[in-house]
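final-v4.cif, holding mmCIF, C-alpha atoms:
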data_run
#
loop_
_atom_site.label_atom_id
_atom_site.label_comp_id
_atom_site.auth_asym_id
_atom_site.auth_seq_id
_atom_site.Cartn_x
_atom_site.Cartn_y
_atom_site.Cartn_z
CA MET A 1 -54.30 -179.94 -111.98
CA GLU A 2 -57.08 -181.44 -109.87
CA ASN A 3 -60.36 -179.63 -109.39
CA GLN A 4 -59.21 -176.47 -111.14
CA THR A 5 -61.57 -174.60 -113.43
CA VAL A 6 -59.87 -172.33 -115.94
CA SER A 7 -61.91 -169.31 -117.00
CA ARG A 8 -62.51 -168.96 -120.74
CA GLU A 9 -62.95 -165.20 -120.52
CA THR A 10 -60.39 -163.00 -122.18
CA ILE A 11 -58.90 -160.55 -119.70
CA PHE A 12 -56.58 -157.53 -119.81
CA ALA A 13 -54.74 -155.28 -117.38
CA LEU A 14 -52.00 -152.69 -117.14
CA ALA A 15 -48.84 -154.69 -116.36
CA SER A 16 -46.51 -151.74 -115.79
CA ALA A 17 -46.69 -149.22 -112.97
CA GLN A 18 -49.45 -146.65 -112.74
CA GLY A 19 -48.72 -143.07 -113.68
CA ARG A 20 -46.89 -141.22 -116.43
CA ALA A 21 -43.97 -143.08 -117.99
CA GLY A 22 -42.07 -143.47 -121.25
CA VAL A 23 -43.73 -146.82 -121.98
CA ALA A 24 -46.81 -148.55 -120.58
CA ILE A 25 -47.51 -152.26 -121.06
CA ILE A 26 -51.02 -153.66 -121.25
CA ARG A 27 -51.31 -157.42 -121.46
CA MET A 28 -54.25 -159.50 -122.71
CA SER A 29 -54.85 -163.23 -122.22
CA GLY A 30 -57.58 -165.60 -123.34
CA PRO A 31 -59.18 -167.28 -126.34
CA ASP A 32 -60.27 -164.01 -128.01
CA SER A 33 -56.80 -162.45 -127.94
CA ALA A 34 -56.05 -162.96 -131.64
CA ARG A 35 -59.46 -161.72 -132.74
CA ILE A 36 -59.24 -158.60 -130.59
CA LEU A 37 -55.72 -157.88 -131.84
CA LYS A 38 -56.86 -158.00 -135.47
CA GLN A 39 -59.80 -155.78 -134.60
CA LEU A 40 -57.58 -153.16 -132.93
CA THR A 41 -54.85 -153.14 -135.58
CA LYS A 42 -57.05 -153.63 -138.67
CA ALA A 43 -54.20 -155.76 -140.04
CA LYS A 44 -53.11 -159.37 -140.21
CA LEU A 45 -51.72 -160.97 -137.08
CA PRO A 46 -48.00 -160.50 -136.43
CA LYS A 47 -45.82 -163.59 -136.14
CA PRO A 48 -45.73 -165.08 -132.64
CA ARG A 49 -42.83 -164.01 -130.41
CA LEU A 50 -41.66 -161.43 -132.95
CA ALA A 51 -41.91 -157.77 -131.91
CA SER A 52 -43.97 -155.85 -134.46
CA VAL A 53 -45.06 -152.22 -134.75
CA ARG A 54 -48.78 -151.70 -135.32
CA LYS A 55 -51.21 -148.78 -135.26
CA LEU A 56 -54.08 -149.23 -132.79
CA TYR A 57 -57.61 -148.00 -133.48
CA ASP A 58 -60.72 -147.71 -131.31
CA ALA A 59 -64.23 -148.90 -132.30
CA GLN A 60 -64.88 -145.63 -134.18
CA GLY A 61 -61.75 -146.07 -136.27
CA GLU A 62 -59.87 -143.29 -134.51
CA LYS A 63 -56.16 -143.91 -134.01
CA ILE A 64 -55.18 -144.51 -130.36
CA ASP A 65 -51.40 -144.92 -130.68
CA GLU A 66 -48.62 -146.69 -132.53
CA ALA A 67 -47.46 -149.59 -130.41
CA LEU A 68 -44.96 -152.40 -130.20
CA ILE A 69 -46.89 -155.68 -130.21
CA LEU A 70 -45.78 -159.03 -128.83
CA ARG A 71 -48.05 -161.99 -129.56
CA PHE A 72 -47.84 -165.39 -127.86
CA VAL A 73 -49.75 -168.50 -128.88
CA GLY A 74 -50.77 -170.89 -126.11
CA PRO A 75 -49.60 -173.04 -124.54
CA ALA A 76 -46.22 -171.37 -125.23
CA SER A 77 -47.01 -168.32 -123.09
CA PHE A 78 -46.85 -167.22 -119.47
CA THR A 79 -50.49 -168.11 -118.82
CA GLY A 80 -50.60 -171.08 -121.17
CA GLU A 81 -53.24 -169.24 -123.23
CA ASP A 82 -53.07 -166.96 -126.27
CA MET A 83 -51.60 -163.68 -125.05
CA VAL A 84 -50.78 -160.23 -126.39
CA GLU A 85 -48.68 -157.45 -124.92
CA PHE A 86 -49.27 -153.86 -126.06
CA HIS A 87 -46.23 -151.63 -125.45
CA ILE A 88 -47.67 -148.15 -125.86
CA HIS A 89 -46.51 -144.67 -124.93
CA GLY A 90 -46.96 -144.17 -121.21
CA GLY A 91 -49.31 -141.20 -121.02
CA PRO A 92 -52.32 -141.81 -118.73
CA SER A 93 -54.74 -140.74 -121.50
CA LEU A 94 -53.28 -143.36 -123.87
CA VAL A 95 -53.62 -146.10 -121.25
CA GLU A 96 -57.21 -145.02 -120.63
CA SER A 97 -58.01 -144.95 -124.36
CA LEU A 98 -56.67 -148.46 -125.03
CA SER A 99 -58.36 -149.80 -121.90
CA GLU A 100 -61.66 -148.32 -123.06
CA ALA A 101 -61.21 -149.93 -126.49
CA LEU A 102 -60.63 -153.31 -124.85
CA PHE A 103 -63.69 -152.86 -122.64
CA THR A 104 -65.75 -151.99 -125.71
CA ALA A 105 -64.48 -155.14 -127.44
CA GLY A 106 -65.96 -157.20 -124.59
CA LEU A 107 -62.91 -157.90 -122.47
CA ARG A 108 -62.89 -157.95 -118.68
CA GLN A 109 -60.22 -156.30 -116.55
CA ALA A 110 -58.12 -158.90 -114.78
CA GLU A 111 -58.36 -159.37 -111.03
CA ALA A 112 -55.27 -159.22 -108.83
CA GLY A 113 -52.96 -162.10 -109.70
CA GLU A 114 -55.30 -163.52 -112.34
CA PHE A 115 -52.62 -163.92 -115.02
CA THR A 116 -50.45 -165.93 -112.63
CA LYS A 117 -53.46 -167.89 -111.40
CA ARG A 118 -54.20 -168.94 -114.98
CA ALA A 119 -50.56 -169.96 -115.40
CA PHE A 120 -50.96 -172.14 -112.30
CA GLN A 121 -54.29 -173.58 -113.47
CA ASN A 122 -52.83 -174.38 -116.88
CA GLY A 123 -49.88 -176.25 -115.37
CA LYS A 124 -47.23 -173.66 -116.21
CA MET A 125 -46.12 -173.54 -112.56
CA ASP A 126 -47.08 -175.05 -109.23
CA LEU A 127 -48.37 -173.08 -106.26
CA THR A 128 -44.96 -172.78 -104.56
CA GLU A 129 -43.47 -171.35 -107.76
CA ALA A 130 -46.35 -168.87 -107.99
CA GLU A 131 -45.71 -167.83 -104.39
CA GLY A 132 -42.03 -167.42 -105.23
CA LEU A 133 -42.98 -165.11 -108.09
CA ALA A 134 -45.14 -163.00 -105.74
CA ASP A 135 -42.25 -162.79 -103.28
CA LEU A 136 -39.85 -161.84 -106.07
CA ILE A 137 -42.06 -158.90 -107.07
CA ASP A 138 -42.30 -157.79 -103.43
CA ALA A 139 -38.60 -158.30 -102.64
CA ASP A 140 -36.95 -155.26 -101.06
CA THR A 141 -33.59 -156.82 -100.21
CA GLN A 142 -31.03 -158.98 -102.00
CA GLY A 143 -31.68 -161.81 -99.55
CA GLN A 144 -35.41 -161.76 -100.32
CA ARG A 145 -34.68 -161.64 -104.06
CA LYS A 146 -32.37 -164.65 -103.99
CA GLN A 147 -34.71 -166.73 -101.86
CA ALA A 148 -37.75 -165.89 -103.99
CA LEU A 149 -35.87 -166.61 -107.21
CA ARG A 150 -34.82 -170.06 -106.02
CA GLN A 151 -38.41 -170.88 -105.09
CA MET A 152 -39.83 -169.44 -108.33
CA GLN A 153 -37.42 -171.60 -110.33
CA GLY A 154 -38.79 -174.76 -108.74
CA GLY A 155 -36.38 -175.33 -105.86
CA LEU A 156 -39.11 -176.20 -103.37
CA ARG A 157 -40.89 -178.34 -105.98
CA GLU A 158 -37.77 -180.50 -106.35
CA ILE A 159 -37.75 -181.07 -102.60
CA TYR A 160 -41.39 -182.07 -102.21
CA GLU A 161 -41.31 -184.22 -105.34
CA ASN A 162 -38.52 -186.19 -103.66
CA TRP A 163 -40.72 -186.55 -100.57
CA ARG A 164 -43.61 -187.69 -102.73
CA GLU A 165 -41.50 -190.41 -104.38
CA LYS A 166 -40.35 -191.72 -101.01
CA ILE A 167 -43.92 -191.88 -99.70
CA ILE A 168 -45.10 -193.67 -102.85
CA ASP A 169 -42.22 -196.17 -102.59
CA SER A 170 -43.17 -196.92 -98.98
CA LEU A 171 -46.82 -197.15 -99.92
CA ALA A 172 -45.94 -199.75 -102.56
CA PHE A 173 -44.53 -202.06 -99.87
CA VAL A 174 -47.56 -201.55 -97.65
CA GLU A 175 -50.19 -202.03 -100.32
CA GLY A 176 -48.28 -204.99 -101.79
CA GLU A 177 -48.81 -206.87 -98.55
CA ILE A 178 -52.45 -205.73 -98.35
CA ASP A 179 -53.38 -206.67 -101.92
CA PHE A 180 -51.46 -209.94 -102.18
CA PRO A 181 -51.40 -211.47 -98.69
CA ASP A 182 -51.43 -215.09 -99.86
CA GLU A 183 -49.14 -214.89 -102.89
CA ASP A 184 -46.12 -217.18 -102.60
CA ASP A 185 -43.79 -214.71 -104.32
CA VAL A 186 -44.70 -211.85 -101.93
CA PRO A 187 -42.33 -211.85 -98.93
CA ASP A 188 -43.78 -212.02 -95.43
CA ALA A 189 -44.03 -208.69 -93.58
CA LEU A 190 -43.39 -206.82 -96.82
CA SER A 191 -44.78 -203.60 -95.28
CA GLN A 192 -42.00 -203.65 -92.67
CA ARG A 193 -39.53 -202.76 -95.39
CA ALA A 194 -41.08 -199.27 -95.48
CA GLY A 195 -39.95 -198.59 -91.91
CA PRO A 196 -36.34 -197.43 -92.47
CA ALA A 197 -37.27 -195.19 -95.42
CA LEU A 198 -40.09 -193.56 -93.43
CA ALA A 199 -37.73 -192.95 -90.51
CA LEU A 200 -35.27 -191.13 -92.79
CA LEU A 201 -38.09 -189.13 -94.40
CA ALA A 202 -39.38 -188.07 -90.99
CA GLN A 203 -35.89 -186.79 -90.18
CA GLU A 204 -35.85 -184.76 -93.41
CA LEU A 205 -39.20 -183.15 -92.62
CA GLU A 206 -38.15 -182.38 -89.04
CA ALA A 207 -34.95 -180.76 -90.30
CA ILE A 208 -36.72 -178.50 -92.78
CA LEU A 209 -39.28 -177.50 -90.14
CA ALA A 210 -36.48 -176.68 -87.70
CA ASP A 211 -34.97 -174.38 -90.34
CA SER A 212 -38.31 -172.87 -91.41
CA GLN A 213 -37.84 -169.66 -89.42
CA ARG A 214 -34.86 -168.84 -91.64
CA GLY A 215 -37.02 -168.66 -94.77
CA GLU A 216 -39.88 -166.88 -93.02
CA ARG A 217 -37.57 -164.25 -91.51
CA THR A 218 -35.88 -163.62 -94.86
CA ARG A 219 -39.32 -163.07 -96.36
CA HIS A 220 -40.97 -161.05 -93.57
CA GLY A 221 -38.02 -159.60 -91.68
CA VAL A 222 -36.42 -159.88 -88.24
CA ASP A 223 -37.79 -158.12 -85.15
CA ILE A 224 -35.28 -156.69 -82.66
CA ALA A 225 -36.37 -155.04 -79.41
CA ILE A 226 -34.19 -152.58 -77.49
CA ILE A 227 -35.06 -152.76 -73.79
CA GLY A 228 -33.67 -151.32 -70.58
CA ALA A 229 -34.28 -148.99 -67.66
CA PRO A 230 -35.10 -145.30 -68.20
CA ASN A 231 -32.12 -143.17 -69.22
CA ALA A 232 -29.93 -146.19 -70.04
CA GLY A 233 -29.46 -144.77 -73.54
CA LYS A 234 -31.86 -146.94 -75.53
CA SER A 235 -33.01 -144.14 -77.84
CA SER A 236 -29.45 -142.98 -78.41
CA ILE A 237 -28.37 -146.49 -79.39
CA LEU A 238 -31.34 -146.77 -81.75
CA ASN A 239 -30.43 -143.48 -83.42
CA ARG A 240 -26.82 -144.61 -83.84
CA LEU A 241 -27.87 -147.90 -85.42
CA ALA A 242 -30.38 -146.13 -87.69
CA LYS A 243 -27.87 -143.39 -88.62
CA ARG A 244 -30.58 -140.77 -88.02
CA ASP A 245 -32.59 -139.16 -85.20
CA ALA A 246 -35.46 -141.63 -85.15
CA ALA A 247 -36.22 -141.35 -81.42
CA ILE A 248 -36.32 -138.35 -79.08
CA VAL A 249 -33.34 -138.26 -76.72
CA SER A 250 -33.74 -136.46 -73.40
CA ALA A 251 -32.12 -136.46 -69.96
CA GLU A 252 -35.62 -136.68 -68.49
CA ALA A 253 -36.47 -140.26 -67.56
CA GLY A 254 -39.53 -141.83 -69.20
CA THR A 255 -39.38 -139.81 -72.43
CA THR A 256 -40.16 -142.89 -74.55
CA ARG A 257 -43.62 -144.15 -73.63
CA ASP A 258 -44.73 -145.76 -76.85
CA ILE A 259 -42.77 -148.00 -79.19
CA VAL A 260 -40.60 -146.24 -81.79
CA GLU A 261 -39.83 -148.41 -84.82
CA VAL A 262 -37.04 -148.14 -87.36
CA HIS A 263 -36.96 -150.28 -90.50
CA MET A 264 -33.57 -151.01 -91.98
CA GLU A 265 -31.62 -153.70 -93.80
CA ILE A 266 -28.91 -155.80 -92.16
CA ALA A 267 -27.12 -158.62 -94.00
CA SER A 268 -29.61 -158.30 -96.89
CA ILE A 269 -32.51 -159.03 -94.52
CA PRO A 270 -35.23 -156.53 -93.57
CA VAL A 271 -35.05 -155.67 -89.89
CA ARG A 272 -37.42 -153.79 -87.60
CA ILE A 273 -35.70 -152.36 -84.51
CA SER A 274 -38.02 -151.15 -81.74
CA ASP A 275 -37.11 -148.64 -79.06
CA THR A 276 -39.33 -149.35 -76.06
CA ALA A 277 -40.34 -147.58 -72.87
CA GLY A 278 -37.95 -147.74 -69.93
CA LEU A 279 -38.68 -150.70 -67.68
CA ARG A 280 -39.49 -149.61 -64.15
CA GLU A 281 -42.30 -149.59 -61.61
CA THR A 282 -44.46 -146.50 -62.07
CA LYS A 283 -47.79 -145.16 -60.91
CA ASN A 284 -48.21 -143.11 -64.07
CA GLU A 285 -50.95 -144.83 -66.05
CA ILE A 286 -49.59 -143.87 -69.48
CA GLU A 287 -46.02 -144.86 -68.64
CA ALA A 288 -47.22 -148.15 -67.12
CA GLU A 289 -48.95 -148.99 -70.38
CA GLY A 290 -45.71 -148.22 -72.22
CA VAL A 291 -43.83 -150.61 -69.92
CA ARG A 292 -46.44 -153.32 -70.56
CA ARG A 293 -46.12 -152.87 -74.32
CA ALA A 294 -42.33 -152.93 -74.06
CA LYS A 295 -42.41 -156.32 -72.33
CA VAL A 296 -44.85 -157.72 -74.89
CA ARG A 297 -42.74 -156.51 -77.80
CA ALA A 298 -39.59 -157.93 -76.19
CA ALA A 299 -41.23 -161.33 -75.69
CA GLU A 300 -42.45 -161.44 -79.30
CA SER A 301 -39.17 -160.30 -80.91
CA ASP A 302 -36.54 -162.53 -82.49
CA LEU A 303 -33.68 -160.80 -80.68
CA ARG A 304 -33.49 -158.51 -77.65
CA ILE A 305 -30.79 -155.92 -76.96
CA ALA A 306 -30.61 -154.99 -73.28
CA ILE A 307 -29.11 -151.51 -72.75
CA ILE A 308 -27.63 -151.12 -69.26
CA ASP A 309 -26.05 -148.21 -67.43
CA HIS A 310 -23.98 -150.34 -65.04
CA GLN A 311 -23.81 -147.45 -62.56
CA ASP A 312 -27.58 -147.77 -62.13
CA PRO A 313 -28.38 -150.83 -59.95
CA GLN A 314 -31.94 -150.94 -61.27
CA GLY A 315 -30.61 -151.31 -64.78
CA LEU A 316 -29.72 -154.94 -64.16
CA ASP A 317 -33.40 -155.84 -63.68
CA VAL A 318 -33.75 -155.96 -67.46
CA LEU A 319 -31.73 -159.18 -67.55
CA SER A 320 -34.83 -161.12 -66.50
CA GLU A 321 -36.45 -160.22 -69.84
CA LEU A 322 -33.66 -161.77 -71.92
CA GLN A 323 -33.48 -165.14 -73.65
CA ASP A 324 -30.56 -167.23 -74.85
CA GLY A 325 -28.71 -165.58 -77.70
CA ASP A 326 -29.72 -162.02 -76.80
CA PHE A 327 -27.32 -159.07 -76.52
CA ILE A 328 -26.26 -157.23 -73.36
CA VAL A 329 -24.92 -153.71 -74.03
CA TYR A 330 -23.31 -151.65 -71.27
CA ASN A 331 -23.64 -148.04 -72.35
CA LYS A 332 -21.82 -144.81 -71.34
CA ALA A 333 -18.30 -146.18 -71.70
CA ASP A 334 -17.07 -142.58 -71.92
CA LEU A 335 -18.21 -141.94 -68.34
CA SER A 336 -16.90 -145.03 -66.54
CA GLU A 337 -14.55 -147.98 -66.68
CA GLU A 338 -15.68 -151.30 -68.15
CA PRO A 339 -17.21 -153.44 -65.38
CA SER A 340 -14.81 -156.26 -64.49
CA ASN A 341 -17.36 -158.70 -63.13
CA ALA A 342 -20.67 -157.44 -64.45
CA PRO A 343 -23.58 -159.84 -64.04
CA GLU A 344 -24.16 -162.11 -67.03
CA SER A 345 -20.97 -160.90 -68.75
CA GLN A 346 -19.56 -164.45 -68.65
CA ASN A 347 -22.75 -166.08 -69.93
CA VAL A 348 -21.73 -167.70 -73.21
CA SER A 349 -25.33 -167.70 -74.51
CA ARG A 350 -25.47 -163.90 -74.50
CA GLU A 351 -22.96 -161.62 -76.14
CA THR A 352 -21.85 -158.65 -74.06
CA PHE A 353 -20.69 -155.26 -75.35
CA PHE A 354 -19.32 -152.08 -73.78
CA VAL A 355 -20.17 -148.98 -75.81
CA SER A 356 -20.75 -145.26 -75.74
CA ALA A 357 -23.66 -143.88 -77.70
CA HIS A 358 -22.15 -140.41 -77.19
CA THR A 359 -18.65 -141.08 -78.60
CA GLN A 360 -19.69 -144.14 -80.69
CA GLN A 361 -17.03 -146.25 -78.95
CA GLY A 362 -17.76 -149.95 -79.46
CA LEU A 363 -20.74 -149.39 -81.77
CA GLY A 364 -18.88 -150.81 -84.75
CA VAL A 365 -18.33 -154.05 -82.83
CA LEU A 366 -22.03 -154.14 -81.90
CA GLU A 367 -23.11 -153.57 -85.52
CA SER A 368 -20.76 -156.30 -86.77
CA ALA A 369 -22.13 -158.73 -84.19
CA LEU A 370 -25.70 -157.91 -85.22
CA LYS A 371 -24.86 -158.61 -88.86
CA ARG A 372 -23.10 -161.86 -87.99
CA THR A 373 -25.93 -163.06 -85.73
CA ILE A 374 -28.71 -162.20 -88.16
CA THR A 375 -26.85 -163.92 -90.99
CA ALA A 376 -26.25 -167.06 -88.94
CA ARG A 377 -29.77 -167.36 -87.55
CA PHE A 378 -31.99 -165.96 -90.23
CA GLY A 379 -29.98 -165.44 -93.41
CA ALA A 380 -31.00 -167.30 -96.54
CA ASN A 381 -28.73 -170.19 -97.41
CA GLU A 382 -28.17 -171.96 -100.70
CA GLN A 383 -30.78 -174.58 -99.85
CA VAL A 384 -34.40 -173.83 -100.70
CA GLY A 385 -36.57 -173.98 -97.60
CA ILE A 386 -40.18 -173.39 -96.69
CA THR A 387 -41.02 -169.71 -96.49
CA ARG A 388 -44.71 -169.43 -95.58
CA ALA A 389 -47.01 -170.54 -92.78
CA ARG A 390 -48.95 -172.53 -95.38
CA HIS A 391 -45.82 -174.52 -96.22
CA VAL A 392 -45.14 -175.18 -92.54
CA ASN A 393 -48.68 -176.46 -91.94
CA CYS A 394 -48.51 -178.84 -94.93
CA VAL A 395 -45.14 -180.25 -93.87
CA LYS A 396 -46.32 -180.65 -90.26
CA THR A 397 -49.37 -182.57 -91.47
CA ALA A 398 -47.23 -184.83 -93.65
CA LEU A 399 -44.80 -185.45 -90.78
CA PHE A 400 -47.62 -186.27 -88.35
CA SER A 401 -49.11 -188.78 -90.82
CA ILE A 402 -45.73 -190.40 -91.51
CA LYS A 403 -45.06 -190.87 -87.81
CA LYS A 404 -48.51 -192.42 -87.42
CA ALA A 405 -47.70 -194.75 -90.31
CA GLN A 406 -44.45 -195.81 -88.63
CA LYS A 407 -46.38 -196.93 -85.55
CA ALA A 408 -49.17 -198.49 -87.61
CA LEU A 409 -46.68 -200.72 -89.45
CA LEU A 410 -46.33 -202.69 -86.24
CA ILE A 411 -50.10 -203.11 -85.95
CA ALA A 412 -51.75 -203.41 -89.36
CA PRO A 413 -50.60 -202.49 -92.89
CA GLU A 414 -54.09 -201.14 -93.67
CA LEU A 415 -53.72 -198.43 -91.03
CA ALA A 416 -50.25 -197.50 -92.25
CA GLY A 417 -51.57 -197.25 -95.82
CA ALA A 418 -54.29 -194.81 -94.78
CA ASP A 419 -51.74 -192.65 -92.95
CA LEU A 420 -49.41 -192.58 -95.95
CA HIS A 421 -52.28 -191.50 -98.20
CA GLN A 422 -52.87 -188.61 -95.76
CA ALA A 423 -49.19 -187.67 -96.05
CA LEU A 424 -49.47 -187.69 -99.85
CA HIS A 425 -52.52 -185.44 -99.64
CA ALA A 426 -50.53 -182.94 -97.55
CA ILE A 427 -47.79 -182.87 -100.20
CA LYS A 428 -50.41 -182.34 -102.90
CA GLU A 429 -51.81 -179.43 -100.89
CA LEU A 430 -48.32 -177.93 -100.67
CA ALA A 431 -48.15 -178.05 -104.48
CA GLY A 432 -51.69 -176.70 -104.86
CA GLU A 433 -52.95 -179.91 -106.45
CA THR A 434 -56.00 -180.28 -104.23
CA ASP A 435 -59.26 -178.39 -104.09
CA ILE A 436 -58.17 -175.51 -101.86
CA GLU A 437 -59.93 -172.59 -103.55
CA ALA A 438 -59.82 -170.43 -100.41
CA VAL A 439 -56.06 -170.86 -100.23
CA LEU A 440 -55.67 -170.04 -103.92
CA ASP A 441 -57.76 -166.89 -103.55
CA LYS A 442 -55.56 -165.74 -100.67
CA VAL A 443 -52.31 -166.45 -102.52
CA PHE A 444 -53.21 -164.78 -105.81
CA SER A 445 -55.01 -161.80 -104.27
CA SER A 446 -51.61 -160.72 -102.92
CA PHE A 447 -50.38 -160.07 -106.48
CA CYS A 448 -50.67 -156.70 -108.15
CA ILE A 449 -53.16 -156.14 -110.95
CA GLY A 450 -51.61 -157.18 -114.27
CA LYS A 451 -49.61 -160.06 -112.82
#

Structure encoded using structure tokens:
Amino acid sequence: MENQTVSRETIFALASAQGRAGVAIIRMSGPDSARILKQLTKAKLPKPRLASVRKLYDAQGEKIDEALILRFVGPASFTGEDMVEFHIHGGPSLVESLSEALFTAGLRQAEAGEFTKRAFQNGKMDLTEAEGLADLIDADTQGQRKQALRQMQGGLREIYENWREKIIDSLAFVEGEIDFPDEDDVPDALSQRAGPALALLAQELEAILADSQRGERTRHGVDIAIIGAPNAGKSSILNRLAKRDAAIVSAEAGTTRDIVEVHMEIASIPVRISDTAGLRETKNEIEAEGVRRAKVRAAESDLRIAIIDHQDPQGLDVLSELQDGDFIVYNKADLSEEPSNAPESQNVSRETFFVSAHTQQGLGVLESALKRTITARFGANEQVGITRARHVNCVKTALFSIKKAQKALLIAPELAGADLHQALHAIKELAGETDIEAVLDKVFSSFCIGK
């Protein structure tokens, strides 16, 4: 790993959850692990990777607990260093006593993500795999779990290693012409042979960027905004979708003035549905601010659901806030007939529904459509994609450099070579192989203590 300095300090931290439990796990990593273990147990070292029961003693010789010990010898460990795991009884006083004994022995408590950072620095995983591990720990849904697991197991690494090989192959043609311009056995315009391969690689990068929102939405969640005129039934629809009374429902227009959010899971993807203020012209300063916020939230969301009472002519004004692929929901089906020629109902880019929040007529169809749409647009697929803004930026940089190289091939091989080296640097940054300490600090600080 380039420009990475691995700390030689021995660290420790509680690896299990805080609080009272049947078992607590404290892990230790670093060059003094074996010495500290012998000091705490007053016995010979247990065999590596074999669970052993040992009594633990503090510096005064007082017994702390009887624990299950797992010892790992580097580099055959998670961090690549000597490691020890203490499985002790989970009382807070026992955790405090063992922690105090480790402090007294000269150890330092690990920082957030420091164990994983050492694994990265010691070549046990690349940065994308470390990020996948962080996402796996934070996963709330099955979709997030599956995506994180694929990335943690090296799925993204396989993809960028393929890109790296293609860039290096193209670079070989370019630099062959630069280094041996007068050799008889070097074909003329050798660098031009890199053109077709670079064109195909550019297409690959463009495709994965086009699909990047799928990975990001699986990781962060999908935003859905419910919009419409006052009293169209937005809050009632939200409550039906949430299966609880999340928003206040009232016959008085303008009840919702701020945004009401409900977090739920649809198609194994986290979803935030926002009930917004009724869209209308108003002189009330507070309500006007609610309308402004509603429009901002609608514009920023991934999907908009327009709730319309088709008997209210002003209700159709909400259609101007919609985008392709949004939903149009005509509410209050129990009070009127379905509109035969409602505006936008024939627009194939927007699905239209006729429901009743009161009787729940048509809500099942709406829920099924939401699930289908979210799965199609944002659901994780079997292919590993890019899941973070950092990944997107690296791929964009590589793509920009490759396209520059394609143009430079027609001008001078030297220029194309410089561009391809920039593309390689972007791939190295994706893997965490360059000196990007600020990026590393941000990535590993997101981990919990003990991981």

Determine the residue set returned by the PyMOL selection byres ((chain A and resi 192-196) around 10) for the present structure, and present it as a list in words.
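Written out, the selection comes to Lys166, Ile167, Asp169, Ser170, Leu171, Ala172, Phe173, Val174, Glu177, Asp188, Ala189, Leu190, Ser191, Ala197, Leu198, Ala199, Leu200, Leu201, Ala202, Ala405, Gln406, Lys407, Leu409, Leu410, Pro413 and Ala416 of chain A.
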
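Using all atoms listed in the file, the contacts of A:Phe400 at a cut-off of 10 Å, with sequence neighbours closer than 6 positions omitted, comprise Ala202, Leu205, Cys394, Asp419, Gln422 and Ala423 of chain A.
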
Which residues match the PyMOL selection byres ((chain A and resi 20) around 8) in the file above, as a ChimeraX atom specification?
/A:18-19,21-22,90-92

Evaluate the PyMOL selection byres ((chain A and resi 10) around 10) and report residues as a list in words:
Ser7, Arg8, Glu9, Ile11, Phe12, Met28, Ser29, Gly30, Pro31, Asp32, Ser33, Ile36, Glu81, Asp82, Met83, Gly106, Leu107, Arg108, Gln109 and Ala110 of chain A

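Each of A:Leu70, A:Ala105, A:Ile328, A:Leu149 was checked against A:Leu40 using only C-alpha atoms; the smallest atom-to-atom distance is that of A:Ala105.
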
Quick one: pull the distance between atom CA of A:Phe103 and atom CA of A:Gly123, Å, one decimal.
28.1 Å

Using 10 Å as the limit and counting all atoms listed in the file, can you tabulate each residue of stretch 205-279 of chain A that touches stretch 307-325 of chain A, with its shortest atom-to-atom distance in Å and the two atoms involved, as a Markdown table?
| residue | atom | partner | partner_atom | distance |
| --- | --- | --- | --- | --- |
| A:Ile226 | CA | A:Ile307 | CA | 7.0 |
| A:Ile227 | CA | A:Ile307 | CA | 6.2 |
| A:Gly228 | CA | A:Ile307 | CA | 5.1 |
| A:Ala229 | CA | A:Gly315 | CA | 5.2 |
| A:Pro230 | CA | A:Gly315 | CA | 8.2 |
| A:Asn231 | CA | A:Asp309 | CA | 8.1 |
| A:Ala232 | CA | A:Asp309 | CA | 5.1 |
| A:Gly233 | CA | A:Ile307 | CA | 6.8 |
| A:Lys234 | CA | A:Ile307 | CA | 6.0 |
| A:Ser235 | CA | A:Ile307 | CA | 9.8 |
| A:Ile237 | CA | A:Ile307 | CA | 8.4 |
| A:Gly278 | CA | A:Val318 | CA | 9.6 |
| A:Leu279 | CA | A:Val318 | CA | 7.2 |

So that I can check the surroundings of A:Arg377, please list as an NGL selection string every protein, DNA and RNA residue that reaches within 10 Å of it, counting all atoms listed in the file and ignoring chain neighbours fewer than 2 positions away.
:A and (211 or 213-214 or 217 or 302 or 372-375 or 379-380)

Reconstructed stretch 106-110 of chain A, atom set N, CA, C and O atoms, as a short mmCIF file (atom, residue, chain, number, x, y, z; two decimals), keeping the file's coordinate frame:
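Output below, filename part.cif:
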data_model
loop_
_atom_site.label_atom_id
_atom_site.label_comp_id
_atom_site.auth_asym_id
_atom_site.auth_seq_id
_atom_site.Cartn_x
_atom_site.Cartn_y
_atom_site.Cartn_z
N GLY A 106 -65.37 -156.13 -125.39
CA GLY A 106 -65.96 -157.20 -124.59
C GLY A 106 -65.03 -157.86 -123.60
O GLY A 106 -65.38 -158.88 -123.00
N LEU A 107 -63.84 -157.31 -123.41
CA LEU A 107 -62.91 -157.90 -122.47
C LEU A 107 -63.21 -157.46 -121.04
O LEU A 107 -63.85 -156.43 -120.81
N ARG A 108 -62.75 -158.26 -120.10
CA ARG A 108 -62.89 -157.95 -118.68
C ARG A 108 -61.52 -157.62 -118.10
O ARG A 108 -60.52 -158.25 -118.44
N GLN A 109 -61.48 -156.62 -117.20
CA GLN A 109 -60.22 -156.30 -116.55
C GLN A 109 -59.85 -157.42 -115.58
O GLN A 109 -60.69 -157.93 -114.84
N ALA A 110 -58.59 -157.79 -115.60
CA ALA A 110 -58.12 -158.90 -114.78
C ALA A 110 -58.18 -158.54 -113.30
O ALA A 110 -58.00 -157.39 -112.90
#
